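Enquirer: To be precise about what I am sending: the file is called coords13.tsv and holds TSV, C-alpha atoms.
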chain	number	residue	atom	x	y	z
E	1	SER	CA	-55.74	32.82	-131.72
E	2	LEU	CA	-58.39	35.54	-131.52
E	3	SER	CA	-60.50	33.72	-134.13
E	4	LEU	CA	-60.19	30.49	-132.10
E	5	VAL	CA	-61.50	32.27	-128.99
E	6	PHE	CA	-64.36	33.70	-131.08
E	7	LEU	CA	-65.25	30.25	-132.44
E	8	CYS	CA	-65.21	28.74	-128.91
E	9	CYS	CA	-67.52	31.51	-127.66
E	10	LEU	CA	-69.81	30.98	-130.64
E	11	ALA	CA	-69.94	27.21	-129.99
E	12	GLY	CA	-70.71	27.83	-126.30
E	13	ALA	CA	-73.55	30.20	-127.20
E	14	ALA	CA	-74.98	27.65	-129.65
E	15	ARG	CA	-74.98	24.98	-126.91
E	16	ALA	CA	-76.79	27.36	-124.55
E	17	ASP	CA	-79.58	27.82	-127.14
E	18	LEU	CA	-79.86	24.10	-127.89
E	19	ASP	CA	-83.33	22.83	-126.99
E	20	LEU	CA	-83.22	19.16	-125.97
E	21	PRO	CA	-85.93	16.99	-124.40
E	22	ARG	CA	-86.04	17.14	-120.61
E	23	PRO	CA	-84.86	13.99	-118.82
E	24	SER	CA	-88.00	14.20	-116.63
E	25	PRO	CA	-90.68	16.07	-118.60
E	26	PHE	CA	-93.49	17.95	-116.89
E	27	ALA	CA	-96.82	16.11	-116.85
E	28	LYS	CA	-100.33	16.90	-115.71
E	29	VAL	CA	-103.38	14.69	-115.30
E	30	SER	CA	-106.83	16.02	-114.47
E	31	GLN	CA	-110.12	14.22	-114.07
E	32	THR	CA	-113.56	15.44	-113.03
E	33	VAL	CA	-115.28	12.95	-110.73
E	34	GLY	CA	-118.84	13.99	-109.91
E	35	TYR	CA	-118.43	17.70	-109.10
E	36	THR	CA	-114.77	17.39	-108.04
E	37	ASP	CA	-111.71	18.07	-110.21
E	38	ILE	CA	-108.69	15.96	-109.22
E	39	THR	CA	-105.42	17.25	-110.72
E	40	VAL	CA	-101.82	16.04	-110.37
E	41	ASP	CA	-98.84	18.15	-111.54
E	42	TYR	CA	-95.52	16.29	-111.62
E	43	SER	CA	-92.33	15.59	-113.53
E	44	SER	CA	-91.98	12.13	-115.04
E	45	PRO	CA	-88.58	10.41	-114.71
E	46	GLY	CA	-87.72	7.29	-116.70
E	47	VAL	CA	-86.42	3.93	-115.49
E	48	LYS	CA	-83.55	3.94	-118.04
E	49	GLY	CA	-82.37	0.51	-116.95
E	50	ARG	CA	-81.87	1.58	-113.34
E	51	LYS	CA	-82.97	-0.16	-110.14
E	52	ILE	CA	-85.80	2.07	-108.94
E	53	TRP	CA	-87.26	0.79	-105.66
E	54	GLY	CA	-84.55	0.48	-103.04
E	55	GLY	CA	-82.08	1.99	-105.54
E	56	LEU	CA	-82.74	5.34	-107.24
E	57	VAL	CA	-85.65	5.75	-104.81
E	58	PRO	CA	-84.29	4.50	-101.45
E	59	TYR	CA	-86.49	2.66	-99.01
E	60	ASP	CA	-87.40	4.37	-95.72
E	61	LYS	CA	-86.64	7.89	-97.03
E	62	MET	CA	-89.10	10.56	-98.11
E	63	TRP	CA	-89.44	10.96	-101.89
E	64	ARG	CA	-91.15	13.78	-103.80
E	65	ALA	CA	-93.04	11.21	-105.91
E	66	GLY	CA	-91.65	12.59	-109.15
E	67	ALA	CA	-88.66	14.63	-110.30
E	68	ASN	CA	-87.45	18.25	-110.25
E	69	THR	CA	-89.91	19.68	-107.66
E	70	ALA	CA	-92.51	18.27	-105.29
E	71	THR	CA	-95.51	16.66	-106.98
E	72	LYS	CA	-98.74	18.60	-106.41
E	73	VAL	CA	-102.26	17.21	-105.99
E	74	THR	CA	-105.31	19.48	-106.18
E	75	PHE	CA	-108.90	18.75	-105.13
E	76	SER	CA	-111.50	21.33	-106.15
E	77	ARG	CA	-113.84	20.17	-103.36
E	78	ASP	CA	-113.47	18.40	-100.01
E	79	VAL	CA	-112.66	14.68	-100.34
E	80	THR	CA	-111.60	11.73	-98.26
E	81	PHE	CA	-108.10	10.47	-99.07
E	82	ALA	CA	-107.50	6.87	-98.00
E	83	GLY	CA	-110.45	7.34	-95.65
E	84	LYS	CA	-109.23	10.61	-94.06
E	85	PRO	CA	-110.97	13.97	-94.64
E	86	VAL	CA	-109.04	16.47	-96.79
E	87	PRO	CA	-110.30	20.03	-97.46
E	88	ALA	CA	-110.37	21.32	-101.02
E	89	GLY	CA	-107.00	22.77	-102.03
E	90	THR	CA	-103.55	22.00	-103.42
E	91	TYR	CA	-101.04	19.85	-101.55
E	92	ALA	CA	-97.46	18.70	-102.01
E	93	PHE	CA	-97.51	14.92	-102.40
E	94	PHE	CA	-94.72	12.82	-100.84
E	95	VAL	CA	-94.23	9.13	-100.16
E	96	ILE	CA	-91.92	7.12	-97.93
E	97	PRO	CA	-91.50	3.79	-99.74
E	98	THR	CA	-90.68	0.63	-97.82
E	99	LYS	CA	-90.60	-3.01	-98.84
E	100	ALA	CA	-94.17	-3.30	-97.48
E	101	ALA	CA	-96.68	-0.48	-96.77
E	102	TRP	CA	-95.76	3.03	-97.87
E	103	THR	CA	-96.46	6.26	-96.01
E	104	VAL	CA	-98.30	8.75	-98.24
E	105	ILE	CA	-98.14	12.40	-97.22
E	106	LEU	CA	-100.16	15.46	-98.23
E	107	ASN	CA	-98.35	18.61	-97.13
E	108	LYS	CA	-99.92	22.09	-97.12
E	109	LYS	CA	-96.76	23.86	-98.35
E	110	THR	CA	-96.86	23.42	-102.12
E	111	ASP	CA	-93.89	25.51	-103.27
E	112	GLN	CA	-91.21	23.00	-102.25
E	113	PRO	CA	-88.35	21.95	-104.51
E	114	GLY	CA	-88.52	18.46	-103.11
E	115	THR	CA	-87.76	16.60	-99.93
E	116	GLY	CA	-85.44	18.03	-97.32
E	117	VAL	CA	-85.56	21.66	-98.49
E	118	GLY	CA	-88.52	23.60	-97.16
E	119	TYR	CA	-90.35	20.51	-95.87
E	120	ASN	CA	-91.80	20.67	-92.36
E	121	GLN	CA	-93.83	17.79	-90.93
E	122	ALA	CA	-95.92	20.32	-89.00
E	123	ASP	CA	-97.39	21.37	-92.39
E	124	ASP	CA	-98.66	17.84	-93.14
E	125	GLN	CA	-102.39	17.69	-93.78
E	126	LEU	CA	-102.22	13.94	-93.29
E	127	ARG	CA	-100.12	10.78	-93.39
E	128	VAL	CA	-101.66	7.43	-94.37
E	129	GLN	CA	-100.37	3.92	-95.01
E	130	VAL	CA	-100.96	2.37	-98.45
E	131	THR	CA	-99.61	-0.94	-99.76
E	132	PRO	CA	-98.33	-0.97	-103.36
E	133	LYS	CA	-99.05	-3.82	-105.77
E	134	ALA	CA	-97.22	-5.35	-108.72
E	135	ALA	CA	-98.08	-3.84	-112.12
E	136	PRO	CA	-96.99	-4.21	-115.76
E	137	MET	CA	-93.71	-2.48	-116.65
E	138	ARG	CA	-94.00	1.29	-117.10
E	139	GLU	CA	-90.87	3.15	-118.28
E	140	ARG	CA	-91.97	6.61	-117.14
E	141	LEU	CA	-93.60	7.57	-113.87
E	142	ALA	CA	-97.30	8.29	-114.42
E	143	TYR	CA	-100.30	9.28	-112.35
E	144	GLN	CA	-103.84	8.29	-113.29
E	145	VAL	CA	-107.31	8.73	-111.85
E	146	THR	CA	-108.93	5.31	-112.29
E	147	ASP	CA	-111.85	3.15	-111.17
E	148	PHE	CA	-114.12	6.16	-110.69
E	149	ASN	CA	-117.85	6.72	-110.52
E	150	ASP	CA	-119.69	9.72	-109.09
E	151	ASP	CA	-118.75	8.98	-105.47
E	152	LYS	CA	-115.26	7.44	-105.53
E	153	ALA	CA	-112.02	7.23	-107.47
E	154	SER	CA	-108.51	5.86	-107.19
E	155	LEU	CA	-105.40	8.00	-107.56
E	156	ASP	CA	-102.72	5.69	-108.98
E	157	LEU	CA	-98.96	6.23	-109.07
E	158	GLU	CA	-97.33	3.79	-111.51
E	159	TRP	CA	-93.64	3.36	-112.24
E	160	GLU	CA	-91.39	0.44	-113.13
E	161	LYS	CA	-93.34	-2.66	-112.03
E	162	LEU	CA	-95.32	-1.09	-109.20
E	163	ARG	CA	-98.71	0.59	-108.69
E	164	LEU	CA	-99.72	2.57	-105.60
E	165	SER	CA	-103.51	3.10	-105.52
E	166	ILE	CA	-105.02	5.59	-103.09
E	167	PRO	CA	-108.81	5.55	-102.66
E	168	ILE	CA	-110.56	8.91	-102.85
E	169	GLY	CA	-114.11	9.41	-101.62
E	170	LEU	CA	-116.38	12.23	-102.76
E	171	ASP	CA	-119.66	13.66	-101.46
E	172	THR	CA	-121.23	13.88	-104.91
E	173	SER	CA	-124.62	12.47	-103.85
E	174	LYS	CA	-124.86	14.93	-100.93
E	175	GLN	CA	-123.71	17.84	-103.15
E	176	ALA	CA	-126.28	16.90	-105.82
E	177	GLN	CA	-129.06	16.72	-103.19
E	178	ALA	CA	-128.02	20.15	-101.88
E	179	ALA	CA	-128.24	21.51	-105.44
E	180	ILE	CA	-131.69	19.93	-105.88
E	181	ASP	CA	-132.84	21.27	-102.50
E	182	GLY	CA	-131.46	24.71	-103.40
E	183	VAL	CA	-133.48	24.84	-106.62
E	184	GLY	CA	-136.68	24.03	-104.71
E	185	ALA	CA	-136.01	26.58	-101.97
E	186	PRO	CA	-139.08	28.79	-101.31
E	187	ASP	CA	-137.33	32.11	-102.13
E	188	VAL	CA	-136.23	30.71	-105.53
E	189	VAL	CA	-139.76	29.48	-106.26
E	190	ASP	CA	-141.25	32.82	-105.15
E	191	ARG	CA	-138.87	34.76	-107.43
E	192	ALA	CA	-139.79	32.47	-110.34
E	193	VAL	CA	-143.55	32.99	-109.73
E	194	ASP	CA	-143.08	36.75	-109.39
E	195	GLY	CA	-141.07	36.85	-112.61
E	196	GLY	CA	-137.90	37.90	-110.76
Just give me the structure as structure tokens.
Expert:
Amino acid sequence: SLSLVFLCCLAGAARADLDLPRPSPFAKVSQTVGYTDITVDYSSPGVKGRKIWGGLVPYDKMWRAGANTATKVTFSRDVTFAGKPVPAGTYAFFVIPTKAAWTVILNKKTDQPGTGVGYNQADDQLRVQVTPKAAPMRERLAYQVTDFNDDKASLDLEWEKLRLSIPIGLDTSKQAQAAIDGVGAPDVVDRAVDGG
């Protein structure tokens, strides 16, 4: 009987050390657009044959736009997000899906486990409406920065047969002109002439 207890404890310890793939693995996407780094940190759940929209992810309720903890979006410089100004920084990213336009939320409190716990609407940086579109089947939730040039980009959430694209505007041309103007500033030219 004592050996049976020992074997059960040994089996339990072996299970505790077993390293299996996570059901919703951590993912990160980062893209430099002009001078601005756009980064998304999230966990990527799978469809696994389930009804996603209006099922696993209910309509008309806030969703953390990923799994495990709130998805985070970081902008290294000021941007416009769906036409609204957003200061550089990291934000918790939430959505409220509906059958039509979705509400997209950037919240200033980033250390949230998800919706409902720790969330306060007073901490929202902004709320905007974005309409999703049909997309080819994607088993795992993914974020991408697409359709970018120096002055604009699209942040895309894709999962199941849906794509939510949020336009991002950047001041790259103005930032480049400021850099050019800064190089030609008189004190810089004087220092160069003086050898300093």
Enquirer: Kindly provide the residues of region 97-162 of chain E that approach region 38-55 of chain E to within 12 Å, each paired with its closest atom pair and their distance in Å to one decimal, based on only C-alpha atoms, listed by chain and increasing number, as a Markdown table.
Expert:
| residue | atom | partner | partner_atom | distance |
| --- | --- | --- | --- | --- |
| E:Pro97 | CA | E:Trp53 | CA | 7.9 |
| E:Thr98 | CA | E:Gly54 | CA | 8.1 |
| E:Lys99 | CA | E:Gly54 | CA | 8.2 |
| E:Ala100 | CA | E:Trp53 | CA | 11.5 |
| E:Trp102 | CA | E:Trp53 | CA | 11.7 |
| E:Thr110 | CA | E:Asp41 | CA | 11.0 |
| E:Pro113 | CA | E:Tyr42 | CA | 11.6 |
| E:Gly114 | CA | E:Tyr42 | CA | 11.2 |
| E:Pro132 | CA | E:Trp53 | CA | 11.4 |
| E:Met137 | CA | E:Val47 | CA | 9.8 |
| E:Arg138 | CA | E:Val47 | CA | 8.2 |
| E:Glu139 | CA | E:Val47 | CA | 5.3 |
| E:Arg140 | CA | E:Gly46 | CA | 4.3 |
| E:Leu141 | CA | E:Ser44 | CA | 5.0 |
| E:Ala142 | CA | E:Ser44 | CA | 6.6 |
| E:Tyr143 | CA | E:Val40 | CA | 7.2 |
| E:Gln144 | CA | E:Val40 | CA | 8.5 |
| E:Val145 | CA | E:Ile38 | CA | 7.8 |
| E:Thr146 | CA | E:Ile38 | CA | 11.1 |
| E:Phe148 | CA | E:Ile38 | CA | 11.3 |
| E:Lys152 | CA | E:Ile38 | CA | 11.4 |
| E:Ala153 | CA | E:Ile38 | CA | 9.5 |
| E:Ser154 | CA | E:Ile38 | CA | 10.3 |
| E:Leu155 | CA | E:Ile38 | CA | 8.8 |
| E:Asp156 | CA | E:Val40 | CA | 10.5 |
| E:Leu157 | CA | E:Val40 | CA | 10.3 |
| E:Glu158 | CA | E:Ser44 | CA | 10.5 |
| E:Trp159 | CA | E:Val47 | CA | 7.9 |
| E:Glu160 | CA | E:Val47 | CA | 6.5 |
| E:Lys161 | CA | E:Ile52 | CA | 9.4 |
| E:Leu162 | CA | E:Trp53 | CA | 9.0 |
Enquirer: Please report the interatomic distance between CA of Leu18 (chain E) and CA of Ala65 (chain E) in Å with one decimal.
Expert: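 Atom-to-atom, CA of Leu18 (chain E) and CA of Ala65 (chain E) are spaced 28.7 Å apart.
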Enquirer: Env of region 116-127 of chain E: 6 Å cut, atoms = all atoms listed in the file, seq-sep filter 6 positions within chain, self excluded. Answer as a PyMOL selection string.
Expert: chain E and resi 104-108
Enquirer: Please compute the CA of Arg22 (chain E)-CA of Ile96 (chain E) distance, one decimal, in Å.
Expert: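 So the two atoms, CA of Arg22 (chain E) and CA of Ile96 (chain E), lie 25.5 Å apart.
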Enquirer: Go through E:Ala67, E:Met62, E:Val95, E:Val79 and flag the residue nearest Ala27 (chain E), using all atoms listed in the file for the distances.
Expert: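 Under the stated criterion, the closest residue is E:Ala67.
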Enquirer: How many Å separate CA of Tyr35 (chain E) from CA of Asp171 (chain E)?
Expert: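 We find that CA of Tyr35 (chain E) and CA of Asp171 (chain E) lie 8.7 Å from each other.
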Enquirer: Compare E:Asp181, E:Lys133, E:Asn149, E:Asp78 by their minimum atom-to-atom distance to Thr32 (chain E), counting only C-alpha atoms, and give me the closest one.
Expert: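 Of the candidates, the smallest distance to Thr32 (chain E) is held by E:Asn149.
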